[in-house]
Amino acid sequence: MANTTIMIVGVGGQGTLLASRILGDLLMKQGYDVKISEVHGMSQRGGSVVTYVKFGDAVSSPTIEEGCADYILAFERCEAARWLPYLKKGGTLIAADQRIDPMPVITGAASYPENIFDTIRSLGVEPIVVDSVTLAEEAGSAKAANVVLIGALSRQFRFTQEAWEASIEAVVPEKFRELNLKAFRLGRESEKVKSDETYIMSS
Amino acid sequence: MLGNEAVARGLFEAGVKFISSYPGTPSTEITEYAATYDEMYAEWAPNEKVAVEAALGASIAGARSFAAMKHVGLNVAADPLFTSSYTGVNGGLLIAVADDQGMHSSQNEQDSRHYAIAAKLPMLEPSDSGECRDFAKAAYDLSEEFDTPVLLRLSTRVSHSQSAVELFDREERELLPYKKDMTKYVMMPGPARGRHVVVEERMQKLLAYAESCPFNRIEWNGEELGIITEGIAYEFVKEALGDKASVLKIGLMNPLPAQMIRDFAAKVKRLVIVEELDPVIEMQVRAMGIPCEGKELFTLRGEYTAEMIREKLLGEKPERLDYPEKIPPRPPVMCPGCPHRGLFYVLHKLNLTVFGDIGCYTLGASAPLSAMDTTICMGASVSAMHGFNKVRPENAAKSVAVIGDSTFIHSGITGLIDLCYNKGTSTLIVLDNRITGMTGHQQNPTTGYTLKMEPTPEVSIEALCEACGVKRIRVVDPYDLAETEKAVREEIAAEKPSVVISRRPCALLKGVKKGLPFRVKADICRSCKRCFQIGCPSIHMENGKAAVDDTLCVGCGLCAQMCPFGAIEATGKEEI
C-alpha cells in the first residue's frame with residue numbers, strides 16, 4: 001500500500017498540534033508506520049502553520065511536497081487556499097468555514113480573498129466545508145473547533161469511532177475530555193459535514 | 001515519539017546522570033523530556049557556555065553527562081567546546097546541537113557540522129526518532145572509548161518529527177573514579193601542547209573506526225546512481241528515489257569514512273552528494289579527488305524536499321494546483337494580551353531607534369508596531385546600542401535597547417556592564433514576562449523555579465542592574481500605556497544609564513488570569529482604526545466598524561486605552 005499523506009494547516013494557536021497528536025496516536029495504535037512533522041517556536045505565534053502526517057507500511061521523509069497530499073485538513077479559509085498547491089490530483093480538502101484576518105489584512109496592507117471555496121471549486125476540487133466554530137460552540141467551547149475537524153476527517157477512514165475516541169481520550173487532558181468527545185461526534189455526525197459519502201478510504 | 005523525546009530516552013537508557021542546557025528551538029524538548037526522568041539530574045543553565053562547562057565538569061567527576069542547545073547556542077558554547085576536545089572526558093559527554101534549516105525560528109541557518117571539523121570532535125547525525133535514541137545512547141560508549149566529547153547534530157525535521165522508537169531499560173552506572181591529572185585537565189600551554197598530540201592521535205584512530213562503525217551503512221540498488229547523504233536528507237532521498245539509487249548513509253559525520261567512500265564511488269556510475277546547507281561532505285569527497293555532483297544541483301539554503309530530489313535526479317514533477325489569486329501572507333504576531341504589545345506601541349509612538357534582541361518581542365519589528373532597528377543575537381541589544389550611541393551621542397536620547405528576562409541573564413548583563421563601565425547614558429528596557437517565552441515557557445534564574453519546578457531563590461533584575469552601576473531603575477506595567485510612555489520619555493531624557501523593567505507575566509502563562517473580553521460599541525465607533533495601531537489579532541473590521549473577537553480577546557484593555565471616543569469597553573461575559 002502506498003503511504004497516505006495528510007496535511008493539517010491553520011493559524012498558530014488554533015490547536016493543529018493537538019489534532020495531529022490525536023491522529024498520530026490513532027494511526028500508531030492501528031499498527032502503521034507513522035511520521036508526523038511539526039514546527040515549534042516563532043512560527044507558532046499566530047502565523048501560518050502546517051503539520052504533516054504520513055502513514056503506511058514504511059514512511060521515509062516526514063514532510064509532504066506540493067501535489068502530494070491525499071488530504072488537507074484546513075482550519076481556516078485563507079489557509080486552505082494557501083496550501084492548495086500541496087493537494088494531490090483527486091485528493092480531498094476538508095476546510096473550516098472560519099475566517100481569521102492575517103495582520104497585513106488588519107493593517108490594510110493586503111486584502112482577504114473573497115469566495116475562496118467557489119474559486120477552489122472552479123479548479124475542480126470539491127471542498128468539504130465544515131462550520132467548525134458553530135459546532136464547537138454547540139459542544140461547549142469554540143476552542144474545540146480543532147477536534148470538530150478531526151471528527152469531519154474521521155469520516156474519510158474506516159477506523160472505528162471507538163478507536164478515534166480512545167485516541168482523543170489518550171491525548172486530551174482529562175478535564176476537557178467530555179467537551180472534546182462531544183466536539184468530535186458533532187464533527188463526525190453533523191449533516192453540515194455530510195457532503196459526499198464516496199470519499200471513504202478503501203485500504 | 002518526537003525526535004527530541006527519543007534523544008532524552010537514549011540519555012536515560014545510557015545511564016546519564018547530569019544534564020545542563022539552555023532552551024532554543026528546535027532543541028528545547030530534549031531537556032524537558034529528560035527532566036521527567038527522576039534518575040537524571042537536569043537543569044536550565046543561564047546560557048549554553050555555562051551548560052557545556054557544567055556538563056564537562058560532571059564528566060570530569062565521572063558521570064555520563066549531556067548538554068543541548070540550538071545551532072546559534074553552540075557559538076556561545078564554542079569556547080569550552082574547543083578546549084573540551086583537548087581535555088577529553090572521564091564519564092562520557094554528549095553535546096546535542098539542533099540546526100534550523102529553513103529558519104523556522106532562528107536568526108540564521110548556519111551549519112553546525114563545521115564545528116565538529118574545527119574542534120576535532122566526532123559528530124553523529126541521526127535521521128529519525130529511532131536513530132535519535134540509538135545514536136544518543138551509543139555516543140556514550142564512543143565518548144568513553146576514545147576519551148572525547150561527542151557532538152549529536154539534529155535539525156528541525158529530526159527534532160520535531162515523530163516516529164516509532166523501541167525502548168530499553170536504563171543501564172545504571174556508578175561514577176567513574178576521579179583522579180587529579182593536570183596534564184589532562186589543566187589546559188595551560190605546557191599540558192595543552194601535550195594534549196594536542198593526543199587530539200591528533202585520536203582523530204587518526206577515529207578515522208580507522210569510521211570505516212567499520214555501525215553508524216555508516218550502504219544500501220545497494222544498482223550501479224547507475226550512487227548517493228552519499230546524511231541526517232534528514234537521507235529520508236528525503238529514500239522518499240524520492242526508493243530503490244532507484246544506491247545510498248551511502250553517513251551517520252558519523254566527522255571524521256568521514258574515506259575508504260568506504262572511495263569503494264562506493266568506484267562502484268557507481270554517477271555519484272551525487274545530497275546534504276542540506278553547506279557542502280561539508282562534498283568538499284571532503286572532492287578533496288579526495290573523487291568526481292561527484294552536489295551543490296551545482298542542490299541549493300545551499302533552506303530545507304530540501306523529496307520533490308526537489310526527484311525533479312533534479314529523475315526529471316519528475318508532480319501536477320500542482322495553483323490558487324489563482326494573491327493570498328495575504330500570515331506572519332507570526334504577538335498573542336492577544338501579550339505584555340510586549342503596550343511597550344512596543346509606546347516605542348513606536350515615540351519613534352525611537354530600538355535595538356532588539358532574541359525572543360517573542362522580536363515580533364515588535366513587524367507592522368504595525370514596526371519598532372525595531374536591529375536584531376543580531378542573544379544579548380546584542382544593549383551592546384549594539386552602546387556602540388551605536390558612542391559614535392552618535394545625540395542618539396542616546398532617542399533610542400532604547402529591549403531585552404527579555406531570560407536573554408538578559410543569558411548575555412545581556414555583560415553588555416549592560418560595558419555600557420555603565422564605559423560611561424554610556426543609554427536606556428535599556430528589560431521585558432520581564434516572568435518566563436522564557438518563545439521556546440515554550442521554560443523557567444530561568446529570574447522566575448524562582450528550577451527546570452524540575454522546585455522553588456529556588458530568584459535573581460533580582462533590579463539588584464543586578466544596580467550592581468552593574470545603574471542608578472535609575474524603574475518598573476512599569478506595560479498594560480498601562482500612559483505610565484509606560486512617561487517612564488520611557490523620562491529615562492531616555494536622563495543623561496545617565498537607566499533601566500526600565502516592563503513587568504507583566506506572559507498572557508499564556510499557566511495561572512495568569514484572563515480578563516473579560518472587551519467589545520466595541522458600534523454606535524460610538526467612528527471607524528478611525530486607531531485601535532488597529534497596537535496590532536492585536538483579535539481586533540478587525542466588521543460591517544465598517546471595529547470589532548473584537550471574543551474567542552481571542554483576553555481583556556488586556558489596551559484597545560480601550562487607544563480609543564479616543566470611549567467606544568471600547570469591558571463586557572460582563574464569563575470566560576469559557
# chains A, B, ... in the order shown; residues from 1 in each chain; ligands from 1
$ interface_residues --of "chain B" --to "chain A" --cutoff "8 Å" --atoms "only C-alpha atoms" --output "PyMOL selection string"
chain B and resi 25-26+104-105+156-157+160-164+232+235-236+238-239+305-307+318-323+325-335+360+367-368+438-440+532-533+535+537+539-541+551+576
$ select_by_dssp --residues "segment 420-532 of chain B" --states "strand (DSSP E)" --output "PyMOL selection string"
chain B and resi 427-432+472-476+498-503+518-520
$ write_last_selection --atoms "C-alpha atoms" --output "mmCIF file, in the first residue's frame"
data_model
loop_
_atom_site.group_PDB
_atom_site.id
_atom_site.type_symbol
_atom_site.label_atom_id
_atom_site.label_comp_id
_atom_site.auth_asym_id
_atom_site.auth_seq_id
_atom_site.Cartn_x
_atom_site.Cartn_y
_atom_site.Cartn_z
ATOM 1 C CA THR B 427 18.409 53.274 28.272
ATOM 2 C CA LEU B 428 17.788 49.548 28.493
ATOM 3 C CA ILE B 429 14.279 48.121 28.773
ATOM 4 C CA VAL B 430 14.071 44.660 30.305
ATOM 5 C CA LEU B 431 10.867 42.948 29.172
ATOM 6 C CA ASP B 432 10.229 40.800 32.211
ATOM 7 C CA ARG B 472 17.993 54.962 37.555
ATOM 8 C CA ILE B 473 15.884 51.801 37.672
ATOM 9 C CA ARG B 474 12.099 51.793 37.465
ATOM 10 C CA VAL B 475 9.387 49.205 36.998
ATOM 11 C CA VAL B 476 6.317 49.770 34.824
ATOM 12 C CA SER B 498 18.903 53.788 33.046
ATOM 13 C CA VAL B 499 16.893 50.594 33.094
ATOM 14 C CA VAL B 500 13.122 50.346 32.722
ATOM 15 C CA ILE B 501 11.717 46.975 33.732
ATOM 16 C CA SER B 502 8.475 46.374 31.836
ATOM 17 C CA ARG B 503 6.965 43.723 34.074
ATOM 18 C CA PHE B 518 -13.771 43.746 25.550
ATOM 19 C CA ARG B 519 -16.349 44.823 22.975
ATOM 20 C CA VAL B 520 -16.818 47.716 20.607
#
$ residues_around --residues "Lys510 of chain B" --least-positions-apart "6" --cutoff "12 Å" --atoms "only C-alpha atoms" --output "PyMOL selection string"
chain B and resi 434-435+440-442
$ residues_around --residues "Pro291 of chain B" --least-positions-apart "6" --cutoff "9 Å" --atoms "only C-alpha atoms" --output "PDB file with N, CA and C atoms, in the first residue's frame"
ATOM      1  N   ALA B 265      32.227   5.014  -4.384  1.00  0.00           N
ATOM      2  CA  ALA B 265      32.332   5.849  -5.588  1.00  0.00           C
ATOM      3  C   ALA B 265      32.815   5.023  -6.779  1.00  0.00           C
ATOM      4  N   ARG B 270      27.362   7.225 -11.455  1.00  0.00           N
ATOM      5  CA  ARG B 270      27.151   8.645 -11.170  1.00  0.00           C
ATOM      6  C   ARG B 270      27.079   8.812  -9.654  1.00  0.00           C
ATOM      7  N   LEU B 271      27.869   9.749  -9.130  1.00  0.00           N
ATOM      8  CA  LEU B 271      27.895   9.950  -7.678  1.00  0.00           C
ATOM      9  C   LEU B 271      27.360  11.348  -7.344  1.00  0.00           C
ATOM     10  N   VAL B 285      34.892  14.948  -0.206  1.00  0.00           N
ATOM     11  CA  VAL B 285      34.931  13.948  -1.281  1.00  0.00           C
ATOM     12  C   VAL B 285      35.749  14.486  -2.453  1.00  0.00           C
TER      13      VAL B 285
END
$ residues_around --residues "Glu43 of chain B" --least-positions-apart "6" --cutoff "7 Å" --atoms "only C-alpha atoms" --output "compact mmCIF listing (two decimals) with C-alpha atoms, in the first residue's frame"
# COMPACT_ATOMS: atom_id res chain seq x y z
CA ILE B 19 22.13 17.38 32.07
CA SER B 20 22.57 21.12 31.68
CA SER B 21 21.09 23.04 28.74
CA THR B 450 14.08 25.26 38.55
CA LEU B 451 13.56 23.08 35.48
$ residues_around --residues "Val89 of chain B" --least-positions-apart "4" --cutoff "10 Å" --atoms "only C-alpha atoms" --output "ChimeraX atom specification"
/B:56-65,84-85,93,143-150,184-185
$ write_last_selection --atoms "N, CA and C atoms" --output "short mmCIF file (atom, residue, chain, number, x, y, z; two decimals), in the first residue's frame"
data_model
loop_
_atom_site.label_atom_id
_atom_site.label_comp_id
_atom_site.auth_asym_id
_atom_site.auth_seq_id
_atom_site.Cartn_x
_atom_site.Cartn_y
_atom_site.Cartn_z
N LEU B 56 30.78 19.37 31.27
CA LEU B 56 32.17 18.89 31.23
C LEU B 56 32.66 18.64 32.67
N GLY B 57 32.29 19.52 33.59
CA GLY B 57 32.67 19.32 35.00
C GLY B 57 32.11 18.01 35.54
N ALA B 58 30.85 17.74 35.23
CA ALA B 58 30.22 16.49 35.70
C ALA B 58 30.90 15.28 35.06
N SER B 59 31.32 15.45 33.80
CA SER B 59 32.02 14.36 33.11
C SER B 59 33.37 14.09 33.78
N ILE B 60 34.10 15.17 34.09
CA ILE B 60 35.40 15.01 34.76
C ILE B 60 35.21 14.32 36.12
N ALA B 61 34.08 14.62 36.77
CA ALA B 61 33.77 13.99 38.06
C ALA B 61 33.39 12.53 37.92
N GLY B 62 33.19 12.06 36.68
CA GLY B 62 32.96 10.63 36.46
C GLY B 62 31.56 10.25 36.03
N ALA B 63 30.69 11.26 35.79
CA ALA B 63 29.31 10.94 35.40
C ALA B 63 29.13 11.05 33.90
N ARG B 64 28.25 10.24 33.33
CA ARG B 64 27.82 10.44 31.95
C ARG B 64 26.98 11.72 31.93
N SER B 65 27.33 12.65 31.05
CA SER B 65 26.76 13.99 31.11
C SER B 65 26.30 14.45 29.73
N SER B 84 37.38 21.39 25.42
CA SER B 84 36.95 20.06 25.90
C SER B 84 37.49 18.97 24.97
N SER B 85 37.74 19.33 23.72
CA SER B 85 38.35 18.38 22.79
C SER B 85 39.74 18.00 23.28
N LEU B 93 30.59 12.24 27.54
CA LEU B 93 29.97 13.56 27.40
C LEU B 93 29.41 13.70 25.99
N SER B 143 32.26 7.98 23.31
CA SER B 143 32.91 9.05 24.08
C SER B 143 33.94 8.49 25.06
N GLU B 144 33.55 7.44 25.76
CA GLU B 144 34.45 6.89 26.77
C GLU B 144 35.59 6.09 26.14
N GLU B 145 35.30 5.39 25.03
CA GLU B 145 36.34 4.59 24.38
C GLU B 145 37.43 5.50 23.79
N PHE B 146 37.02 6.62 23.20
CA PHE B 146 38.00 7.49 22.53
C PHE B 146 38.37 8.71 23.37
N ASP B 147 37.90 8.77 24.62
CA ASP B 147 38.21 9.88 25.52
C ASP B 147 37.92 11.23 24.86
N THR B 148 36.70 11.39 24.40
CA THR B 148 36.34 12.62 23.69
C THR B 148 34.87 12.99 23.91
N PRO B 149 34.58 14.28 23.99
CA PRO B 149 33.17 14.67 23.89
C PRO B 149 32.67 14.29 22.50
N VAL B 150 31.38 14.00 22.38
CA VAL B 150 30.77 13.66 21.09
C VAL B 150 29.67 14.67 20.81
N LYS B 184 45.97 16.50 31.91
CA LYS B 184 44.74 16.27 31.13
C LYS B 184 43.71 17.38 31.33
N TYR B 185 43.63 17.91 32.55
CA TYR B 185 42.53 18.84 32.83
C TYR B 185 42.96 20.29 33.06
#
$ residues_around --residues "Val171 of chain A" --least-positions-apart "6" --cutoff "10 Å" --atoms "only C-alpha atoms" --output "number ranges by chain"
A: 18-19, 21-26, 165, 177
$ select_by_dssp --residues "segment 4-202 of chain A" --states "alpha helix (DSSP H)" --output "PyMOL selection string"
chain A and resi 16-29+77-83+103-106+116-122+132-139+145-154+161-171+177-189
$ closest_residue --among "B:Arg9, B:Lys120, B:Arg153, B:His340" --to "Gln204 of chain B" --atoms "only C-alpha atoms"
B:Lys120
$ closest_residue --among "B:Leu347, B:Val237, B:Ala401, B:Asn47" --to "Glu311 of chain B" --atoms "only C-alpha atoms"
B:Val237
$ atom_distance --atom1 "atom CA of Gly15 of chain A" --atom2 "atom CA of Val147 of chain A"
8.6 Å
$ decode --residues "segment 311-333 of chain B" --atoms "N, CA and C atoms" --output "PDB file, in the first residue's frame"
ATOM      1  N   GLU B 311      12.917  15.816  -8.882  1.00  0.00           N
ATOM      2  CA  GLU B 311      12.970  16.694 -10.057  1.00  0.00           C
ATOM      3  C   GLU B 311      14.390  16.781 -10.613  1.00  0.00           C
ATOM      4  N   LYS B 312      15.367  16.974  -9.713  1.00  0.00           N
ATOM      5  CA  LYS B 312      16.756  17.158 -10.161  1.00  0.00           C
ATOM      6  C   LYS B 312      17.353  15.868 -10.712  1.00  0.00           C
ATOM      7  N   LEU B 313      17.030  14.731 -10.093  1.00  0.00           N
ATOM      8  CA  LEU B 313      17.716  13.497 -10.470  1.00  0.00           C
ATOM      9  C   LEU B 313      16.901  12.599 -11.395  1.00  0.00           C
ATOM     10  N   LEU B 314      15.579  12.696 -11.342  1.00  0.00           N
ATOM     11  CA  LEU B 314      14.750  11.835 -12.191  1.00  0.00           C
ATOM     12  C   LEU B 314      13.973  12.632 -13.231  1.00  0.00           C
ATOM     13  N   GLY B 315      13.972  13.964 -13.084  1.00  0.00           N
ATOM     14  CA  GLY B 315      13.237  14.795 -14.028  1.00  0.00           C
ATOM     15  C   GLY B 315      11.727  14.695 -13.883  1.00  0.00           C
ATOM     16  N   GLU B 316      11.264  14.234 -12.705  1.00  0.00           N
ATOM     17  CA  GLU B 316       9.816  14.106 -12.483  1.00  0.00           C
ATOM     18  C   GLU B 316       9.291  15.279 -11.674  1.00  0.00           C
ATOM     19  N   LYS B 317       8.085  15.730 -12.025  1.00  0.00           N
ATOM     20  CA  LYS B 317       7.472  16.820 -11.281  1.00  0.00           C
ATOM     21  C   LYS B 317       5.980  16.540 -11.160  1.00  0.00           C
ATOM     22  N   PRO B 318       5.431  16.546  -9.931  1.00  0.00           N
ATOM     23  CA  PRO B 318       4.002  16.247  -9.802  1.00  0.00           C
ATOM     24  C   PRO B 318       3.154  17.429 -10.289  1.00  0.00           C
ATOM     25  N   GLU B 319       1.927  17.098 -10.698  1.00  0.00           N
ATOM     26  CA  GLU B 319       0.997  18.172 -11.064  1.00  0.00           C
ATOM     27  C   GLU B 319       0.618  18.943  -9.825  1.00  0.00           C
ATOM     28  N   ARG B 320       0.452  20.244  -9.964  1.00  0.00           N
ATOM     29  CA  ARG B 320       0.018  21.010  -8.812  1.00  0.00           C
ATOM     30  C   ARG B 320      -1.043  22.027  -9.203  1.00  0.00           C
ATOM     31  N   LEU B 321      -1.919  22.274  -8.243  1.00  0.00           N
ATOM     32  CA  LEU B 321      -2.972  23.257  -8.430  1.00  0.00           C
ATOM     33  C   LEU B 321      -2.451  24.588  -7.909  1.00  0.00           C
ATOM     34  N   ASP B 322      -2.743  25.656  -8.613  1.00  0.00           N
ATOM     35  CA  ASP B 322      -2.366  26.964  -8.080  1.00  0.00           C
ATOM     36  C   ASP B 322      -3.608  27.772  -7.792  1.00  0.00           C
ATOM     37  N   TYR B 323      -3.682  28.308  -6.608  1.00  0.00           N
ATOM     38  CA  TYR B 323      -4.787  29.207  -6.300  1.00  0.00           C
ATOM     39  C   TYR B 323      -4.551  30.481  -7.106  1.00  0.00           C
ATOM     40  N   PRO B 324      -5.553  30.909  -7.890  1.00  0.00           N
ATOM     41  CA  PRO B 324      -5.286  31.967  -8.878  1.00  0.00           C
ATOM     42  C   PRO B 324      -5.099  33.374  -8.307  1.00  0.00           C
ATOM     43  N   GLU B 325      -5.522  33.597  -7.059  1.00  0.00           N
ATOM     44  CA  GLU B 325      -5.399  34.963  -6.520  1.00  0.00           C
ATOM     45  C   GLU B 325      -4.242  35.050  -5.540  1.00  0.00           C
ATOM     46  N   LYS B 326      -3.869  36.282  -5.237  1.00  0.00           N
ATOM     47  CA  LYS B 326      -2.814  36.523  -4.266  1.00  0.00           C
ATOM     48  C   LYS B 326      -3.362  36.241  -2.867  1.00  0.00           C
ATOM     49  N   ILE B 327      -2.637  35.458  -2.095  1.00  0.00           N
ATOM     50  CA  ILE B 327      -3.077  35.147  -0.734  1.00  0.00           C
ATOM     51  C   ILE B 327      -2.257  35.992   0.236  1.00  0.00           C
ATOM     52  N   PRO B 328      -2.911  36.719   1.126  1.00  0.00           N
ATOM     53  CA  PRO B 328      -2.140  37.590   2.019  1.00  0.00           C
ATOM     54  C   PRO B 328      -1.197  36.766   2.899  1.00  0.00           C
ATOM     55  N   PRO B 329       0.026  37.222   3.099  1.00  0.00           N
ATOM     56  CA  PRO B 329       0.930  36.482   3.989  1.00  0.00           C
ATOM     57  C   PRO B 329       0.386  36.505   5.412  1.00  0.00           C
ATOM     58  N   ARG B 330       0.789  35.527   6.206  1.00  0.00           N
ATOM     59  CA  ARG B 330       0.341  35.488   7.595  1.00  0.00           C
ATOM     60  C   ARG B 330       1.571  35.346   8.486  1.00  0.00           C
ATOM     61  N   PRO B 331       2.275  36.446   8.708  1.00  0.00           N
ATOM     62  CA  PRO B 331       3.464  36.366   9.569  1.00  0.00           C
ATOM     63  C   PRO B 331       3.038  36.138  11.021  1.00  0.00           C
ATOM     64  N   PRO B 332       3.934  35.581  11.838  1.00  0.00           N
ATOM     65  CA  PRO B 332       3.583  35.435  13.253  1.00  0.00           C
ATOM     66  C   PRO B 332       3.384  36.804  13.905  1.00  0.00           C
ATOM     67  N   VAL B 333       2.567  36.847  14.932  1.00  0.00           N
ATOM     68  CA  VAL B 333       2.270  38.106  15.630  1.00  0.00           C
ATOM     69  C   VAL B 333       2.319  37.869  17.141  1.00  0.00           C
TER      70      VAL B 333
END
